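Asker: Quick one: this structure, given as structure tokens, is what I'll be asking you about.
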Amino acid sequence: QVQLVESGGGSVQAGGSLRLSCAASGYTIRSGCMSWFRQATGKEREGVAAIDSAGTTNYAESVKGRFTISRDNAKNTLDLQMNSLKPEDTAMYYCAAKGGSCRTPYAVPGSSLYNYWGQGTQVTVSS
């Protein structure tokens with residue numbers, strides 16, 4: 001049984017930083033495409049960052065230069081370092097896994113392509 005469990009969310013002021021982590025069990029995160037998505041209230045879920053089995057990363061334009069996705073193969077965890085946070089970054093953040101590559105015309109493959117999802121962790125950024 002595959003489980004993805006996010007942690008690290010919280011409340012922070014604009015300009016601050018948070019580090020999210022996603023612990024995987026029943027799934028080897030280095031084997032496929034791992035991504036972070038977020039969904040703000042009343043908005044569609046959007047891909048934030050992705051990392052493939054080779055370690056290649058891609059980011060949505062809105063977070064490029066501020067967020068860094070990484071994985072720890074030994075711990076089987078996926079992280080998202082978020083710096084220079086803005087109020088518009090406020091959302092529920094989810095980690096997701098899919099087999100195969102992260103190849104896509106966009107920064108992150110569409111959410112419908114992912115097989116496994118975590119339960120989410122809330123990030124709130126105040127101005």
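Here, A, B, ... name the chains of the structure tokens in the order displayed, residue numbers run from 1 inside each chain, and ligands are numbered from 1 in the same displayed order.
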Write out as a PDB file with all heavy atoms, in the first residue's frame each polymer residue whose atoms come within 9 Å of A:Ser70, counting only C-alpha atoms; drop sequence neighbours fewer than 6 positions from it.
Answerer:
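Result saved to result-v1.pdb:
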```pdb
ATOM      1  N   ALA A  50       8.445  19.739 -10.058  1.00  0.00           N
ATOM      2  CA  ALA A  50       8.562  18.313 -10.351  1.00  0.00           C
ATOM      3  C   ALA A  50      10.029  17.920 -10.400  1.00  0.00           C
ATOM      4  O   ALA A  50      10.897  18.724 -10.760  1.00  0.00           O
ATOM      5  CB  ALA A  50       7.892  17.982 -11.681  1.00  0.00           C
ATOM      6  N   ILE A  51      10.290  16.654 -10.055  1.00  0.00           N
ATOM      7  CA  ILE A  51      11.640  16.113 -10.150  1.00  0.00           C
ATOM      8  C   ILE A  51      11.534  14.701 -10.704  1.00  0.00           C
ATOM      9  O   ILE A  51      10.692  13.907 -10.259  1.00  0.00           O
ATOM     10  CB  ILE A  51      12.354  16.152  -8.784  1.00  0.00           C
ATOM     11  CG1 ILE A  51      13.796  15.656  -8.903  1.00  0.00           C
ATOM     12  CG2 ILE A  51      11.586  15.369  -7.718  1.00  0.00           C
ATOM     13  CD1 ILE A  51      14.644  15.943  -7.668  1.00  0.00           C
ATOM     14  N   GLY A  55      16.822  13.332 -11.545  1.00  0.00           N
ATOM     15  CA  GLY A  55      17.075  14.507 -10.729  1.00  0.00           C
ATOM     16  C   GLY A  55      16.811  15.824 -11.429  1.00  0.00           C
ATOM     17  O   GLY A  55      17.066  16.896 -10.873  1.00  0.00           O
ATOM     18  N   THR A  57      14.784  18.924 -12.567  1.00  0.00           N
ATOM     19  CA  THR A  57      13.689  19.635 -11.903  1.00  0.00           C
ATOM     20  C   THR A  57      13.043  20.650 -12.837  1.00  0.00           C
ATOM     21  O   THR A  57      13.681  21.177 -13.760  1.00  0.00           O
ATOM     22  CB  THR A  57      14.192  20.367 -10.653  1.00  0.00           C
ATOM     23  OG1 THR A  57      15.235  21.279 -11.022  1.00  0.00           O
ATOM     24  CG2 THR A  57      14.732  19.384  -9.620  1.00  0.00           C
ATOM     25  N   THR A  77      12.278  10.461   0.883  1.00  0.00           N
ATOM     26  CA  THR A  77      11.445  11.639   1.131  1.00  0.00           C
ATOM     27  C   THR A  77      11.618  12.661   0.016  1.00  0.00           C
ATOM     28  O   THR A  77      12.661  12.720  -0.648  1.00  0.00           O
ATOM     29  CB  THR A  77      11.801  12.310   2.466  1.00  0.00           C
ATOM     30  OG1 THR A  77      13.198  12.647   2.474  1.00  0.00           O
ATOM     31  CG2 THR A  77      11.502  11.398   3.644  1.00  0.00           C
ATOM     32  N   LEU A  78      10.597  13.457  -0.160  1.00  0.00           N
ATOM     33  CA  LEU A  78      10.580  14.544  -1.138  1.00  0.00           C
ATOM     34  C   LEU A  78      10.401  15.840  -0.371  1.00  0.00           C
ATOM     35  O   LEU A  78       9.551  15.913   0.516  1.00  0.00           O
ATOM     36  CB  LEU A  78       9.415  14.350  -2.106  1.00  0.00           C
ATOM     37  CG  LEU A  78       9.216  15.426  -3.170  1.00  0.00           C
ATOM     38  CD1 LEU A  78      10.272  15.272  -4.260  1.00  0.00           C
ATOM     39  CD2 LEU A  78       7.808  15.316  -3.764  1.00  0.00           C
ATOM     40  N   ASP A  79      11.198  16.836  -0.684  1.00  0.00           N
ATOM     41  CA  ASP A  79      11.129  18.108   0.027  1.00  0.00           C
ATOM     42  C   ASP A  79      10.800  19.257  -0.918  1.00  0.00           C
ATOM     43  O   ASP A  79      11.021  19.172  -2.133  1.00  0.00           O
ATOM     44  CB  ASP A  79      12.466  18.410   0.718  1.00  0.00           C
ATOM     45  CG  ASP A  79      12.748  17.466   1.865  1.00  0.00           C
ATOM     46  OD1 ASP A  79      11.801  16.877   2.398  1.00  0.00           O
ATOM     47  OD2 ASP A  79      13.933  17.327   2.230  1.00  0.00           O
ATOM     48  N   LEU A  80      10.290  20.319  -0.332  1.00  0.00           N
ATOM     49  CA  LEU A  80      10.076  21.560  -1.074  1.00  0.00           C
ATOM     50  C   LEU A  80      10.501  22.709  -0.172  1.00  0.00           C
ATOM     51  O   LEU A  80       9.828  23.002   0.821  1.00  0.00           O
ATOM     52  CB  LEU A  80       8.612  21.734  -1.489  1.00  0.00           C
ATOM     53  CG  LEU A  80       8.335  22.963  -2.360  1.00  0.00           C
ATOM     54  CD1 LEU A  80       8.967  22.770  -3.754  1.00  0.00           C
ATOM     55  CD2 LEU A  80       6.829  23.206  -2.499  1.00  0.00           C
ATOM     56  N   GLN A  81      11.619  23.320  -0.502  1.00  0.00           N
ATOM     57  CA  GLN A  81      12.090  24.488   0.225  1.00  0.00           C
ATOM     58  C   GLN A  81      11.456  25.724  -0.399  1.00  0.00           C
ATOM     59  O   GLN A  81      11.615  25.951  -1.601  1.00  0.00           O
ATOM     60  CB  GLN A  81      13.610  24.593   0.169  1.00  0.00           C
ATOM     61  CG  GLN A  81      14.181  25.818   0.859  1.00  0.00           C
ATOM     62  CD  GLN A  81      13.969  25.802   2.348  1.00  0.00           C
ATOM     63  OE1 GLN A  81      14.140  24.778   2.995  1.00  0.00           O
ATOM     64  NE2 GLN A  81      13.591  26.946   2.916  1.00  0.00           N
TER      65      GLN A  81
END
```
Asker: Show me, as an mmCIF file with all heavy atoms, in the first residue's frame, the residues that have an atom within 12 Å of A:Arg45 when counting only C-alpha atoms, minus same-chain residues fewer than 4 positions from it.
Answerer:
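As a result, out-v8.cif now contains:
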```cif
data_model
loop_
_atom_site.group_PDB
_atom_site.id
_atom_site.type_symbol
_atom_site.label_atom_id
_atom_site.label_comp_id
_atom_site.auth_asym_id
_atom_site.auth_seq_id
_atom_site.Cartn_x
_atom_site.Cartn_y
_atom_site.Cartn_z
ATOM 1 N N TRP A 36 5.133 18.458 -6.485
ATOM 2 C CA TRP A 36 4.340 19.199 -5.511
ATOM 3 C C TRP A 36 3.268 19.975 -6.273
ATOM 4 O O TRP A 36 3.559 20.624 -7.274
ATOM 5 C CB TRP A 36 5.208 20.164 -4.715
ATOM 6 C CG TRP A 36 6.083 19.492 -3.705
ATOM 7 C CD1 TRP A 36 7.388 19.138 -3.846
ATOM 8 C CD2 TRP A 36 5.702 19.106 -2.383
ATOM 9 N NE1 TRP A 36 7.850 18.550 -2.698
ATOM 10 C CE2 TRP A 36 6.839 18.516 -1.779
ATOM 11 C CE3 TRP A 36 4.524 19.197 -1.636
ATOM 12 C CZ2 TRP A 36 6.827 18.019 -0.467
ATOM 13 C CZ3 TRP A 36 4.513 18.706 -0.338
ATOM 14 C CH2 TRP A 36 5.658 18.127 0.231
ATOM 15 N N PHE A 37 2.069 19.887 -5.751
ATOM 16 C CA PHE A 37 0.948 20.662 -6.257
ATOM 17 C C PHE A 37 0.422 21.537 -5.123
ATOM 18 O O PHE A 37 0.693 21.288 -3.959
ATOM 19 C CB PHE A 37 -0.185 19.739 -6.729
ATOM 20 C CG PHE A 37 0.083 19.055 -8.024
ATOM 21 C CD1 PHE A 37 0.909 17.936 -8.091
ATOM 22 C CD2 PHE A 37 -0.502 19.500 -9.203
ATOM 23 C CE1 PHE A 37 1.162 17.302 -9.298
ATOM 24 C CE2 PHE A 37 -0.273 18.865 -10.412
ATOM 25 C CZ PHE A 37 0.566 17.758 -10.451
ATOM 26 N N ARG A 38 -0.368 22.532 -5.492
ATOM 27 C CA ARG A 38 -1.038 23.321 -4.467
ATOM 28 C C ARG A 38 -2.430 23.706 -4.968
ATOM 29 O O ARG A 38 -2.674 23.773 -6.173
ATOM 30 C CB ARG A 38 -0.246 24.572 -4.114
ATOM 31 C CG ARG A 38 -0.119 25.609 -5.233
ATOM 32 C CD ARG A 38 0.803 26.737 -4.789
ATOM 33 N NE ARG A 38 0.939 27.761 -5.815
ATOM 34 C CZ ARG A 38 1.791 28.782 -5.724
ATOM 35 N NH1 ARG A 38 2.586 28.914 -4.653
ATOM 36 N NH2 ARG A 38 1.858 29.675 -6.692
ATOM 37 N N GLN A 39 -3.296 23.924 -4.004
ATOM 38 C CA GLN A 39 -4.648 24.327 -4.342
ATOM 39 C C GLN A 39 -5.124 25.358 -3.333
ATOM 40 O O GLN A 39 -5.251 25.059 -2.145
ATOM 41 C CB GLN A 39 -5.604 23.135 -4.372
ATOM 42 C CG GLN A 39 -6.986 23.477 -4.883
ATOM 43 C CD GLN A 39 -7.806 22.242 -5.200
ATOM 44 O OE1 GLN A 39 -7.523 21.135 -4.750
ATOM 45 N NE2 GLN A 39 -8.827 22.429 -6.027
ATOM 46 N N ALA A 40 -5.348 26.562 -3.820
ATOM 47 C CA ALA A 40 -5.887 27.618 -2.990
ATOM 48 C C ALA A 40 -7.414 27.534 -2.992
ATOM 49 O O ALA A 40 -8.015 26.978 -3.919
ATOM 50 C CB ALA A 40 -5.429 28.971 -3.508
ATOM 51 N N THR A 41 -8.016 28.079 -1.989
ATOM 52 C CA THR A 41 -9.477 28.051 -1.866
ATOM 53 C C THR A 41 -10.127 28.675 -3.088
ATOM 54 O O THR A 41 -9.779 29.789 -3.488
ATOM 55 C CB THR A 41 -9.920 28.804 -0.604
ATOM 56 O OG1 THR A 41 -9.298 28.209 0.540
ATOM 57 C CG2 THR A 41 -11.433 28.732 -0.451
ATOM 58 N N ALA A 91 -2.010 28.155 0.292
ATOM 59 C CA ALA A 91 -2.718 27.038 -0.340
ATOM 60 C C ALA A 91 -2.491 25.771 0.469
ATOM 61 O O ALA A 91 -1.641 25.732 1.373
ATOM 62 C CB ALA A 91 -2.226 26.822 -1.770
ATOM 63 N N MET A 92 -3.246 24.746 0.118
ATOM 64 C CA MET A 92 -2.947 23.394 0.589
ATOM 65 C C MET A 92 -1.939 22.821 -0.386
ATOM 66 O O MET A 92 -2.155 22.890 -1.615
ATOM 67 C CB MET A 92 -4.213 22.550 0.623
ATOM 68 C CG MET A 92 -4.015 21.174 1.219
ATOM 69 S SD MET A 92 -3.790 21.230 3.000
ATOM 70 C CE MET A 92 -5.495 21.438 3.508
ATOM 71 N N TYR A 93 -0.866 22.281 0.142
ATOM 72 C CA TYR A 93 0.196 21.717 -0.689
ATOM 73 C C TYR A 93 0.166 20.196 -0.612
ATOM 74 O O TYR A 93 0.075 19.624 0.482
ATOM 75 C CB TYR A 93 1.558 22.236 -0.246
ATOM 76 C CG TYR A 93 1.821 23.652 -0.705
ATOM 77 C CD1 TYR A 93 1.144 24.724 -0.145
ATOM 78 C CD2 TYR A 93 2.730 23.916 -1.733
ATOM 79 C CE1 TYR A 93 1.358 26.022 -0.580
ATOM 80 C CE2 TYR A 93 2.959 25.210 -2.173
ATOM 81 C CZ TYR A 93 2.270 26.254 -1.594
ATOM 82 O OH TYR A 93 2.490 27.538 -2.038
ATOM 83 N N TYR A 94 0.269 19.553 -1.780
ATOM 84 C CA TYR A 94 0.208 18.106 -1.885
ATOM 85 C C TYR A 94 1.440 17.577 -2.601
ATOM 86 O O TYR A 94 1.898 18.183 -3.573
ATOM 87 C CB TYR A 94 -1.010 17.681 -2.709
ATOM 88 C CG TYR A 94 -2.337 18.134 -2.178
ATOM 89 C CD1 TYR A 94 -2.869 19.369 -2.554
ATOM 90 C CD2 TYR A 94 -3.090 17.318 -1.330
ATOM 91 C CE1 TYR A 94 -4.108 19.784 -2.082
ATOM 92 C CE2 TYR A 94 -4.327 17.734 -0.860
ATOM 93 C CZ TYR A 94 -4.812 18.962 -1.236
ATOM 94 O OH TYR A 94 -6.046 19.361 -0.764
ATOM 95 N N CYS A 95 1.941 16.436 -2.159
ATOM 96 C CA CYS A 95 2.928 15.744 -2.965
ATOM 97 C C CYS A 95 2.218 14.637 -3.741
ATOM 98 O O CYS A 95 1.174 14.132 -3.313
ATOM 99 C CB CYS A 95 4.078 15.193 -2.132
ATOM 100 S SG CYS A 95 3.682 13.807 -1.073
ATOM 101 N N ALA A 96 2.759 14.306 -4.887
ATOM 102 C CA ALA A 96 2.138 13.335 -5.777
ATOM 103 C C ALA A 96 3.206 12.549 -6.511
ATOM 104 O O ALA A 96 4.309 13.058 -6.757
ATOM 105 C CB ALA A 96 1.225 14.048 -6.769
ATOM 106 N N VAL A 108 4.930 21.103 -15.006
ATOM 107 C CA VAL A 108 4.594 19.920 -14.219
ATOM 108 C C VAL A 108 3.489 19.161 -14.946
ATOM 109 O O VAL A 108 2.537 19.782 -15.432
ATOM 110 C CB VAL A 108 4.103 20.325 -12.812
ATOM 111 C CG1 VAL A 108 3.715 19.096 -11.998
ATOM 112 C CG2 VAL A 108 5.172 21.130 -12.085
ATOM 113 N N PRO A 109 3.606 17.842 -15.048
ATOM 114 C CA PRO A 109 2.526 17.079 -15.702
ATOM 115 C C PRO A 109 1.172 17.328 -15.031
ATOM 116 O O PRO A 109 1.104 17.668 -13.857
ATOM 117 C CB PRO A 109 2.978 15.633 -15.521
ATOM 118 C CG PRO A 109 4.465 15.709 -15.399
ATOM 119 C CD PRO A 109 4.727 16.979 -14.653
ATOM 120 N N GLY A 110 0.116 17.177 -15.817
ATOM 121 C CA GLY A 110 -1.226 17.398 -15.300
ATOM 122 C C GLY A 110 -1.566 16.490 -14.137
ATOM 123 O O GLY A 110 -1.129 15.347 -14.067
ATOM 124 N N SER A 111 -2.360 16.997 -13.215
ATOM 125 C CA SER A 111 -2.668 16.269 -11.983
ATOM 126 C C SER A 111 -3.347 14.934 -12.243
ATOM 127 O O SER A 111 -3.188 13.992 -11.461
ATOM 128 C CB SER A 111 -3.528 17.131 -11.063
ATOM 129 O OG SER A 111 -4.739 17.492 -11.695
ATOM 130 N N SER A 112 -4.083 14.820 -13.344
ATOM 131 C CA SER A 112 -4.799 13.574 -13.638
ATOM 132 C C SER A 112 -3.856 12.418 -13.955
ATOM 133 O O SER A 112 -4.267 11.260 -13.955
ATOM 134 C CB SER A 112 -5.761 13.783 -14.802
ATOM 135 O OG SER A 112 -5.054 14.117 -15.979
ATOM 136 N N GLY A 120 -2.098 16.332 2.078
ATOM 137 C CA GLY A 120 -1.915 17.777 2.011
ATOM 138 C C GLY A 120 -1.455 18.398 3.318
ATOM 139 O O GLY A 120 -1.694 17.854 4.402
#
```
Asker: For a quick check of understanding, using only C-alpha atoms, which of A:Gly9, A:Thr68, A:Asn115, A:Thr121 has the smallest distance to A:Gly100?
Answerer: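 Selected residue with least distance to A:Gly100: A:Asn115.
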Asker: Of the residues A:Cys102, A:Ala97, A:Ala107, A:Lys86, which is the one nearest to A:Leu18, using only C-alpha atoms?
Answerer: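 Among A:Cys102, A:Ala97, A:Ala107, A:Lys86, it is A:Lys86 that comes nearest to A:Leu18.
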Asker: Near A:Gln119, within 8 Å and counting only C-alpha atoms, which residues show up once chain neighbours fewer than 6 positions away are dropped, as a PyMOL selection string?
Answerer: chain A and resi 4-6+94
Asker: Give me a file of those residues, with all heavy atoms, as a PDB file, in the first residue's frame.
Answerer:
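Printed below is selection.pdb as written:
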```
ATOM      1  N   LEU A   4       1.738   8.541   0.987  1.00  0.00           N
ATOM      2  CA  LEU A   4       2.527   9.763   0.931  1.00  0.00           C
ATOM      3  C   LEU A   4       2.017  10.675   2.044  1.00  0.00           C
ATOM      4  O   LEU A   4       0.818  10.976   2.091  1.00  0.00           O
ATOM      5  CB  LEU A   4       2.378  10.461  -0.424  1.00  0.00           C
ATOM      6  CG  LEU A   4       2.759   9.649  -1.663  1.00  0.00           C
ATOM      7  CD1 LEU A   4       2.462  10.449  -2.931  1.00  0.00           C
ATOM      8  CD2 LEU A   4       4.217   9.250  -1.627  1.00  0.00           C
ATOM      9  N   VAL A   5       2.905  11.089   2.912  1.00  0.00           N
ATOM     10  CA  VAL A   5       2.497  11.893   4.071  1.00  0.00           C
ATOM     11  C   VAL A   5       3.299  13.182   4.097  1.00  0.00           C
ATOM     12  O   VAL A   5       4.526  13.160   4.283  1.00  0.00           O
ATOM     13  CB  VAL A   5       2.686  11.120   5.384  1.00  0.00           C
ATOM     14  CG1 VAL A   5       2.246  11.983   6.563  1.00  0.00           C
ATOM     15  CG2 VAL A   5       1.899   9.813   5.352  1.00  0.00           C
ATOM     16  N   GLU A   6       2.600  14.307   3.922  1.00  0.00           N
ATOM     17  CA  GLU A   6       3.255  15.611   3.937  1.00  0.00           C
ATOM     18  C   GLU A   6       3.356  16.167   5.357  1.00  0.00           C
ATOM     19  O   GLU A   6       2.521  15.862   6.221  1.00  0.00           O
ATOM     20  CB  GLU A   6       2.496  16.633   3.077  1.00  0.00           C
ATOM     21  CG  GLU A   6       2.324  16.266   1.631  1.00  0.00           C
ATOM     22  CD  GLU A   6       1.004  15.593   1.338  1.00  0.00           C
ATOM     23  OE1 GLU A   6       0.422  15.003   2.275  1.00  0.00           O
ATOM     24  OE2 GLU A   6       0.543  15.650   0.182  1.00  0.00           O
ATOM     25  N   TYR A  94       0.269  19.553  -1.780  1.00  0.00           N
ATOM     26  CA  TYR A  94       0.208  18.106  -1.885  1.00  0.00           C
ATOM     27  C   TYR A  94       1.440  17.577  -2.601  1.00  0.00           C
ATOM     28  O   TYR A  94       1.898  18.183  -3.573  1.00  0.00           O
ATOM     29  CB  TYR A  94      -1.010  17.681  -2.709  1.00  0.00           C
ATOM     30  CG  TYR A  94      -2.337  18.134  -2.178  1.00  0.00           C
ATOM     31  CD1 TYR A  94      -2.869  19.369  -2.554  1.00  0.00           C
ATOM     32  CD2 TYR A  94      -3.090  17.318  -1.330  1.00  0.00           C
ATOM     33  CE1 TYR A  94      -4.108  19.784  -2.082  1.00  0.00           C
ATOM     34  CE2 TYR A  94      -4.327  17.734  -0.860  1.00  0.00           C
ATOM     35  CZ  TYR A  94      -4.812  18.962  -1.236  1.00  0.00           C
ATOM     36  OH  TYR A  94      -6.046  19.361  -0.764  1.00  0.00           O
TER      37      TYR A  94
END
```
Asker: Go through A:Asn83, A:Ser25, A:Ser101, A:Ser62 and flag the residue nearest A:Gln3, using only C-alpha atoms for the distances.
Answerer: A:Ser25
Asker: So which residues touch A:Ser84 within 12 Å, counting only C-alpha atoms, skipping near sequence neighbours fewer than 5 positions away, as a PDB file with N, CA, C and O atoms, in the first residue's frame?
Answerer:
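Below is the file selection17.pdb, written as the result:
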```
ATOM      1  N   VAL A  12       3.243  31.755   8.136  1.00  0.00           N
ATOM      2  CA  VAL A  12       4.475  32.546   8.087  1.00  0.00           C
ATOM      3  C   VAL A  12       4.151  33.907   7.494  1.00  0.00           C
ATOM      4  O   VAL A  12       3.183  34.047   6.731  1.00  0.00           O
ATOM      5  N   GLN A  13       4.956  34.893   7.823  1.00  0.00           N
ATOM      6  CA  GLN A  13       4.776  36.214   7.229  1.00  0.00           C
ATOM      7  C   GLN A  13       5.423  36.266   5.850  1.00  0.00           C
ATOM      8  O   GLN A  13       6.349  35.503   5.547  1.00  0.00           O
ATOM      9  N   ALA A  14       4.944  37.176   5.045  1.00  0.00           N
ATOM     10  CA  ALA A  14       5.509  37.371   3.719  1.00  0.00           C
ATOM     11  C   ALA A  14       7.018  37.602   3.826  1.00  0.00           C
ATOM     12  O   ALA A  14       7.482  38.327   4.714  1.00  0.00           O
ATOM     13  N   GLY A  15       7.737  36.966   2.919  1.00  0.00           N
ATOM     14  CA  GLY A  15       9.189  37.053   2.938  1.00  0.00           C
ATOM     15  C   GLY A  15       9.856  35.927   3.702  1.00  0.00           C
ATOM     16  O   GLY A  15      11.069  35.745   3.615  1.00  0.00           O
ATOM     17  N   GLY A  16       9.061  35.172   4.449  1.00  0.00           N
ATOM     18  CA  GLY A  16       9.586  34.078   5.235  1.00  0.00           C
ATOM     19  C   GLY A  16       9.789  32.807   4.427  1.00  0.00           C
ATOM     20  O   GLY A  16       9.581  32.783   3.213  1.00  0.00           O
ATOM     21  N   SER A  17      10.184  31.755   5.135  1.00  0.00           N
ATOM     22  CA  SER A  17      10.494  30.473   4.495  1.00  0.00           C
ATOM     23  C   SER A  17       9.809  29.330   5.232  1.00  0.00           C
ATOM     24  O   SER A  17       9.555  29.414   6.441  1.00  0.00           O
ATOM     25  N   LEU A  18       9.524  28.283   4.483  1.00  0.00           N
ATOM     26  CA  LEU A  18       9.042  27.026   5.038  1.00  0.00           C
ATOM     27  C   LEU A  18       9.654  25.892   4.234  1.00  0.00           C
ATOM     28  O   LEU A  18       9.963  26.059   3.049  1.00  0.00           O
ATOM     29  N   ARG A  19       9.784  24.752   4.880  1.00  0.00           N
ATOM     30  CA  ARG A  19      10.264  23.555   4.186  1.00  0.00           C
ATOM     31  C   ARG A  19       9.243  22.450   4.371  1.00  0.00           C
ATOM     32  O   ARG A  19       8.975  22.022   5.499  1.00  0.00           O
ATOM     33  N   SER A  62       5.575  30.915 -11.466  1.00  0.00           N
ATOM     34  CA  SER A  62       5.224  31.698 -10.287  1.00  0.00           C
ATOM     35  C   SER A  62       6.130  31.424  -9.091  1.00  0.00           C
ATOM     36  O   SER A  62       6.174  32.227  -8.148  1.00  0.00           O
ATOM     37  N   VAL A  63       6.856  30.296  -9.108  1.00  0.00           N
ATOM     38  CA  VAL A  63       7.704  29.950  -7.957  1.00  0.00           C
ATOM     39  C   VAL A  63       9.176  29.838  -8.328  1.00  0.00           C
ATOM     40  O   VAL A  63      10.024  29.642  -7.452  1.00  0.00           O
ATOM     41  N   LYS A  64       9.474  29.972  -9.600  1.00  0.00           N
ATOM     42  CA  LYS A  64      10.846  29.805 -10.060  1.00  0.00           C
ATOM     43  C   LYS A  64      11.763  30.802  -9.362  1.00  0.00           C
ATOM     44  O   LYS A  64      11.459  31.986  -9.284  1.00  0.00           O
ATOM     45  N   GLY A  65      12.880  30.306  -8.863  1.00  0.00           N
ATOM     46  CA  GLY A  65      13.828  31.163  -8.163  1.00  0.00           C
ATOM     47  C   GLY A  65      13.544  31.297  -6.674  1.00  0.00           C
ATOM     48  O   GLY A  65      14.382  31.819  -5.925  1.00  0.00           O
ATOM     49  N   ARG A  66      12.378  30.854  -6.242  1.00  0.00           N
ATOM     50  CA  ARG A  66      12.017  30.944  -4.823  1.00  0.00           C
ATOM     51  C   ARG A  66      11.872  29.564  -4.181  1.00  0.00           C
ATOM     52  O   ARG A  66      12.157  29.406  -2.987  1.00  0.00           O
ATOM     53  N   PHE A  67      11.395  28.592  -4.945  1.00  0.00           N
ATOM     54  CA  PHE A  67      11.150  27.248  -4.420  1.00  0.00           C
ATOM     55  C   PHE A  67      12.199  26.287  -4.985  1.00  0.00           C
ATOM     56  O   PHE A  67      12.637  26.438  -6.131  1.00  0.00           O
ATOM     57  N   THR A  68      12.546  25.288  -4.189  1.00  0.00           N
ATOM     58  CA  THR A  68      13.477  24.254  -4.627  1.00  0.00           C
ATOM     59  C   THR A  68      12.931  22.887  -4.241  1.00  0.00           C
ATOM     60  O   THR A  68      12.661  22.643  -3.049  1.00  0.00           O
ATOM     61  N   ASP A  89       1.029  32.558  -2.237  1.00  0.00           N
ATOM     62  CA  ASP A  89       1.479  31.171  -2.080  1.00  0.00           C
ATOM     63  C   ASP A  89       0.598  30.402  -1.104  1.00  0.00           C
ATOM     64  O   ASP A  89       0.750  29.184  -0.945  1.00  0.00           O
ATOM     65  N   VAL A 125       0.411  32.339   4.214  1.00  0.00           N
ATOM     66  CA  VAL A 125       1.364  33.434   4.218  1.00  0.00           C
ATOM     67  C   VAL A 125       0.603  34.733   4.418  1.00  0.00           C
ATOM     68  O   VAL A 125      -0.271  35.076   3.629  1.00  0.00           O
ATOM     69  N   SER A 127       0.416  38.959   4.960  1.00  0.00           N
ATOM     70  CA  SER A 127       1.131  40.150   4.490  1.00  0.00           C
ATOM     71  C   SER A 127       1.489  41.070   5.636  1.00  0.00           C
ATOM     72  O   SER A 127       1.042  40.907   6.758  1.00  0.00           O
TER      73      SER A 127
END
```
Asker: Would you mind telling me which residue in A:Ser126, A:Ser53, A:Ser7, A:Gln1 lies nearest to A:Lys98 when using only C-alpha atoms?
Answerer: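 Going through A:Ser126, A:Ser53, A:Ser7, A:Gln1 one by one, the smallest distance to A:Lys98 is for A:Ser53.
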Asker: Ranking A:Pro87, A:Asp72, A:Trp117, A:Ala49 by minimum distance to A:Ser11 and counting only C-alpha atoms, which one comes first?
Answerer: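 Among the listed residues, the smallest separation from A:Ser11 belongs to A:Pro87.
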Asker: Quick one: DSSP strand (DSSP E) residues in stretch 31-122 of chain A, as a ChimeraX atom specification?
Answerer: /A:33-39,46-51,57-59,67-72,77-82,91-98,116-117,121-122
Asker: Please determine, counting only C-alpha atoms, which residue among A:Gly26, A:Pro105, A:Gly47, A:Gly32 has the shortest atom-to-atom distance to A:Ala60.
Answerer: A:Gly47
Asker: So how far away is atom CA of A:Tyr59 from atom CA of A:Glu88, in Å?
Answerer: 16.1 Å
Asker: Using DSSP on the backbone coordinates, identify all residues within stretch 8-127 of chain A classified as helix (DSSP H, G or I); present the result as a PyMOL selection string.
Answerer: chain A and resi 29-31+87-89+111-113
